[in-house]
Amino acid sequence: MKRSEETTTLYLLDGYSIIYRSYFAFMGRHLSAPDGTNVSALFGFFRTLFSILDEYRPGALAVVLDSRVPTFRHEMYPEYKANREKAPEELHAQVPMIEEILGVMGMTVLRKDGVEADDIIATMAERCRKKDRPCVIVTGDKDLLQLLGGEIRMLRPEKGGYQLIGRDDVFDQWGVEADQIVDYLSLTGDQADNVPGVKGIGPKTASKLLTKFGDLDGVYANLNACSTGERAKLEASREDAFLSRSLIILKKDVSLPPEAPTPVGDLNREAAVPLLLRYGAKALAEQAKGAKISEKQLSRQREKRAEASSVPDELLGEGRYEQIDDLEGLDRWIEKAISAGACALDIETDSLDAMLANPVGFSLAVSPKQAAYLPLIAEGQRKFDDDAVRERLVRLTSSPSVRIIGHNFKYDYKVLRRWGVVTKNLAFDTMVAAWLLDTTANSYGMDPLAASLLGYKTISFKDVVPKDGLFQDISVETATRYAAEDADITFRFYELFRRQLKERGLEKLFFELEMPLVPILAEMECAGITLLSDRLEAYGRELEKDLGTIEDDIWQACGHSFNINSTKQLQQVLFEERKLTPIKKTKTGYSTDISVLEELAREDVVPLLVLRHRSLAKLKSTYVDALPKLVNPETGRIHTQLIQTGTATGRLSSKDPNLQNIPIRDEDGRRIRSAFVPAEGNLFISADYSQIELVVLAHLSEDPELSQAFRSGGDVHRRTASLIFDVSEADVSSEQRRIAKTINFGVMYGMSAFRLSRELGISRSRADSFISAYFRRYFRIQSFMRKVVQETEQSGVSKTLLGRERSIPAINSRNKTEKAGAERIAVNTPIQGTAADIVKLAMLAVSRRMASEELKSKMVLQIHDELLFEVPFDEADRMEGLLKEEMESAVKLSVPLRVSIERGGSWGDLH
DNA sequence: GGCCGCACGTAC
DNA sequence: GACGTACGTGCGGCCG
């Protein structure tokens with residue numbers, strides 16, 4: 001729904017203010033058009049205009065210009081704006097150029113002969129005020145400050161950006177109220193308009209006098225209450241002061257046509273491009289074409305969001321922290337936690353790796369600002385009996401009457417579990433909540449979140465622990481300040497996020513899906529997976545030998561040695577020495593990626609050798625050499641971290657190592673999977689959702705043909721081929737199936753015909769016709785995609801089946817490429833994200849069944865649409881049945897969800 | 001020597 | 001410009 005013009009913010013851009021500012025700001029840069037004309041004002045003006053359009057996204061904007069003929073102010077005071085008139089001709093010459101460009105863009109320009117821009121602005125602002133319509137005046141001129149109040153604000157250009165100020169900021173900055181600005185400038189004068197003021201009275205004195213006497217009349221009525229010096233100055237310039245006032249005071253009743261400025265959405269920015277290029281402003285022309293979503297803009301949007309859900313006072317300010325130094329103290333805090341019903345818990349350790357870390361202390365918070373730290377070890381000394389503390393922590397983390405709150409508690413869970421404490425009552429992870437509320441943030445660490453959401457600067461770990469030092473070596477006081485603060489902030493996040501989750505309708509997703517998943521992921525990470533390092537190391541030696549041979553061959557062919565892993569050196573060899581034709585560019589040079597090398601391999605041997613070298617080097621460095629280093633010395637297994645807050649769509653990610661991208665497709669890579677084996681007496685069972693994303697697409701789009709393809713079972717790619725090529729399924733060739741498969745996947749990613757043609761090695765027009773045949777047969781898919789894009793345009797978010805949201809601000813970008821990219825994201829997110837929702841539901845269901853049936857089998861990995869289990873031989877049959885049942889019924893869709901199950905003696909045996 | 005962006009490549 | 005989501009590696013430029 002389009003917002004009514006009357007309610008969108010009206011931006012009034014004070015043209016000459018910006019033009020003058022720009023001229024002088026860019027004067028030193030000698031900006032000139034190809035014919036030598038100075039364009040510094042033009043350049044600066046449009047840079048300002050576009051950056052306001054892009055950063056602030058006004059609903060409507062008008063440029064206001066001054067009269068071309070003298071106004072009543074000039075009659076009153078011939079020197080009025082004399083300083084401006086004296087500006088060089090080359091500045092004035094740019095005004096018509098600017099106006100011409102504004103004209104072709106369709107920008108509303110307000111100008112009236114005999115009337116100052118300021119008076120037009122005052123009149124327009126007054127109209128807004130009467131209608132309660134928000135209005136932002138863009139100017140560097142101080143006299144317009146008199147208009148501020150309520151919905152009328154000002155955007156002042158300043159070095160490096162803009163400052164948006166309202167009525168209250170006027171006082172903070174100038175020491176007088178907005179409605180005293182006229183009197184204030186009458187005293188100080190206004191350099192911009194050459195208004196004299198009272199000689200010798202500056203900002204300080206002016207604000208002092210006005211605070212005392214209210215206004216100019218008040219000041220002159222109380223001259224005898226002023227100091228002798230002030231009185232003398234005021235008396236000497238009495239006339240100037242009152243003249244100044246009548247010059248500064250703005251008319252709010254200029255007669256102007258009633259029509260509203262053109263909405264910004266209707267502006268034709270592209271039309272400015274040829275003119276800007278004519279003036280040699282290439283970068284500006286780029287900016288005119290459309291907005292890049294800048295970091296600045298993103299952070300502005302985030303600020304806005306933070307502003308909107310204002311932080312309650314009780315979550316602001318300093319906390320009061322206690323140090324717990326005996327068991328009685330601990331007991332008191334545990335009682336506090338129980339009677340509060342909630343407790344933020346944070347463990348301090350000696351390592352960032354939870355699988356190696358030992359607890360050195362922990363902190364508790366039972367309400368905002370009320371927290372304590374218990375040092376197990378401090379200043380290098382053990383302060384408590386571990387067993388006594390452990391016993392009490394078990395009580396705290398098992399009590400059904402306490403809700404445990406943590407920030408990234410999966411880490412704490414693992415440390416505690418390894419220490420003999422299993423958390424049963426985890427209720428709220430504030431890191432997971434922060435992610436669910438904004439899946440696109442850069443970081444969910446406590447320090448940045450505290451800064452951005454609470455405006456709170458935390459003590460950083462670096463500040464308290466010396467480099468390469470350990471937490472247990474610092475003083476108890478410092479440890480308490482640092483650690484208790486973490487628990488305190490966590491509790492504050494809890495208060496903040498639980499409200500926000502509720503407001504946003506994300507409670508169910510959070511409490512019933514993401515939170516129960518935390519201990520499951522923690523258990524999977526603790527379980528780990530066995531790697532046969534020997535097998536891998538032997539493979540590594542083979543690879544080394546092969547790589548050496550290929551390297552020699554490449555060097556021989558090139559006549560010299562070089563680093564094959566350096567794309568820069570490789571570019572030189574391929575494109576300069578061997579004169580091969582570059583196929584595509586990267587930001588920094590010519591690409592040497594697989595597709596390029598494959599193409600080049602048709603005319604030269606070196607690219608082929610490089611391809612082989614690349615693939616083996618990748619295997620060796622990323623997997624063969626890296627994996628054995630990550631075997632945990634205590635468990636002898638590999639414990640990946642499954643990151644819950646790592647993706648914008650809701651998927652998990654995996655790191656240290658990433659076990660979600662272990663090779664499977666070619667034979668070389670599969671040898672790496674073969675090094676992953678189940679524990680003695682166990683086998684692996686994998687359960688894999690068939691075509692889950694296409695099934696989700698069928699469900700979400702309600703496309704009858706695609707749904708039918710799944711209901712009838714069989715091969716969906718074959719079925720698709722039969723539909724688009726109009727042959728019976730039995731007659732589908734493998735080539736046709738390959739094409740159908742590529743389109744099936746491509747559609748979900750928003751693949752273009754261009755890409756499809758390249759991928760399949762067919763012409764653009766054939767690719768086009770395949771795609772249209774596809775959408776003809778699966779006709780609801782296209783309307784589904786249109787609907788998703790449209791809804792995302794309205795709401796700014798794309799959603800999954802369970803209501804998970806991803807914000808996509810670029811969906812309303814005017815930059816075509818960016819807009820298209822945002823549309824692909826908007827369409828892909830419900831598909832990928834819903835599949836992620838389903839797999840997570842399945843993990844919960846399976847895990848509950850395994851617990852209730854008291855099985856010893858362990859879930860060890862999730863690879864997006866697949867779950868991997870380590871299963872004792874005698875549980876294999878039961879597990880297979882259980883998995884099929886629970887996974888296929890994890891969610892009820894309009895199409896059947898199928899799971900295929902395999903078992904094997906190594907990971908390499910599966911699929 | 002540490003940090004970071006880039007190009008590339010692996011998975012789903 | 002042209003296919004979505006991740007993570008890890010080596011290179012090479014930058015900084016101190």
# chains A, B, ... in the order shown; residues from 1 in each chain; ligands from 1
>>> residues_around(residues="Gln500 in chain A", least_positions_apart="3", cutoff="8 Å", atoms="only C-alpha atoms (C1' of nucleotides)", output="PyMOL selection string")
chain A and resi 309+437+496-497+503-504
>>> write_last_selection(atoms="C-alpha atoms", output="PDB file, in the first residue's frame")
ATOM      1  CA  SER A 309      11.471   0.024  20.428  1.00  0.00           C
ATOM      2  CA  LEU A 437      15.069 -10.563  15.712  1.00  0.00           C
ATOM      3  CA  LEU A 496      14.461  -6.466  26.107  1.00  0.00           C
ATOM      4  CA  PHE A 497      14.277  -9.395  23.715  1.00  0.00           C
ATOM      5  CA  GLU A 503       5.769  -7.843  19.627  1.00  0.00           C
ATOM      6  CA  ARG A 504       7.125  -9.417  16.481  1.00  0.00           C
TER       7      ARG A 504
END
>>> residues_around(residues="range 2-8 of chain C", least_positions_apart="3", cutoff="10 Å", atoms="only C-alpha atoms (C1' of nucleotides)", output="PyMOL selection string")
(chain A and resi 618+621-623+626+646-661+745-756+817+820-821+824-829+831-833+864) or (chain B and resi 9-12)
>>> select_by_dssp(residues="range 85-307 of chain A", states="alpha helix (DSSP H)", output="ChimeraX atom specification")
/A:85,89-92,94-105,117-131,167-174,181-188,203-213,216-221,228-236,238-248,272-278,282-289,295-307
>>> atom_distance(atom1="CA of Val360 in chain A", atom2="C1' of DG2 in chain B")
28.5 Å
>>> residues_around(residues="DC14 in chain C", least_positions_apart="4", cutoff="12 Å", atoms="only C-alpha atoms (C1' of nucleotides)", output="list in words")
DG2, DC3, DC4 and DG5 of chain B
>>> write_last_selection(atoms="N, CA and C atoms (P, O5', C5', C4', C3', O3' and C1' of nucleotides)", output="CSV table (one decimal), in the first residue's frame")
chain,number,residue,atom,x,y,z
B,2,DG,P,51.8,-13.4,14.6
B,2,DG,O5',50.6,-12.4,14.4
B,2,DG,C5',50.4,-11.3,15.4
B,2,DG,C4',49.4,-10.3,14.8
B,2,DG,C3',48.1,-11.0,14.4
B,2,DG,O3',47.0,-10.2,14.9
B,2,DG,C1',49.0,-9.7,12.6
B,3,DC,P,45.5,-10.6,14.7
B,3,DC,O5',45.1,-9.7,13.5
B,3,DC,C5',45.2,-8.2,13.6
B,3,DC,C4',44.6,-7.6,12.4
B,3,DC,C3',43.3,-8.3,11.9
B,3,DC,O3',42.3,-7.3,11.7
B,3,DC,C1',44.8,-8.2,10.1
B,4,DC,P,40.8,-7.6,11.4
B,4,DC,O5',40.7,-7.4,9.8
B,4,DC,C5',41.2,-6.2,9.3
B,4,DC,C4',41.2,-6.3,7.8
B,4,DC,C3',39.9,-7.0,7.3
B,4,DC,O3',39.3,-6.2,6.3
B,4,DC,C1',41.9,-8.0,6.3
B,5,DG,P,37.8,-6.6,5.8
B,5,DG,O5',38.0,-6.6,4.2
B,5,DG,C5',38.8,-5.5,3.6
B,5,DG,C4',39.2,-6.0,2.2
B,5,DG,C3',38.1,-6.6,1.5
B,5,DG,O3',38.2,-6.1,0.1
B,5,DG,C1',39.8,-8.2,1.7
>>> residues_around(residues="range 715-729 of chain A", least_positions_apart="5", cutoff="10 Å", atoms="only C-alpha atoms (C1' of nucleotides)", output="MDAnalysis selection string")
chainID A and resid 690:691 694:695 705:710 734:745 769:778
>>> atom_distance(atom1="CA of Leu501 in chain A", atom2="CA of Leu436 in chain A")
8.4 Å
>>> select_by_dssp(residues="range 197-411 of chain A", states="strand (DSSP E)", output="PyMOL selection string")
chain A and resi 320-323+342-349+359-367+370-375+377-378+381-382+403-406
>>> residues_around(residues="Tyr80 in chain A", least_positions_apart="4", cutoff="9 Å", atoms="only C-alpha atoms (C1' of nucleotides)", output="PyMOL selection string")
chain A and resi 73-76+84+193-195+247
>>> closest_residue(among="A:Leu396, A:Ser566, A:Lys252, A:Tyr373", to="DG12 in chain C", atoms="only C-alpha atoms (C1' of nucleotides)")
A:Ser566
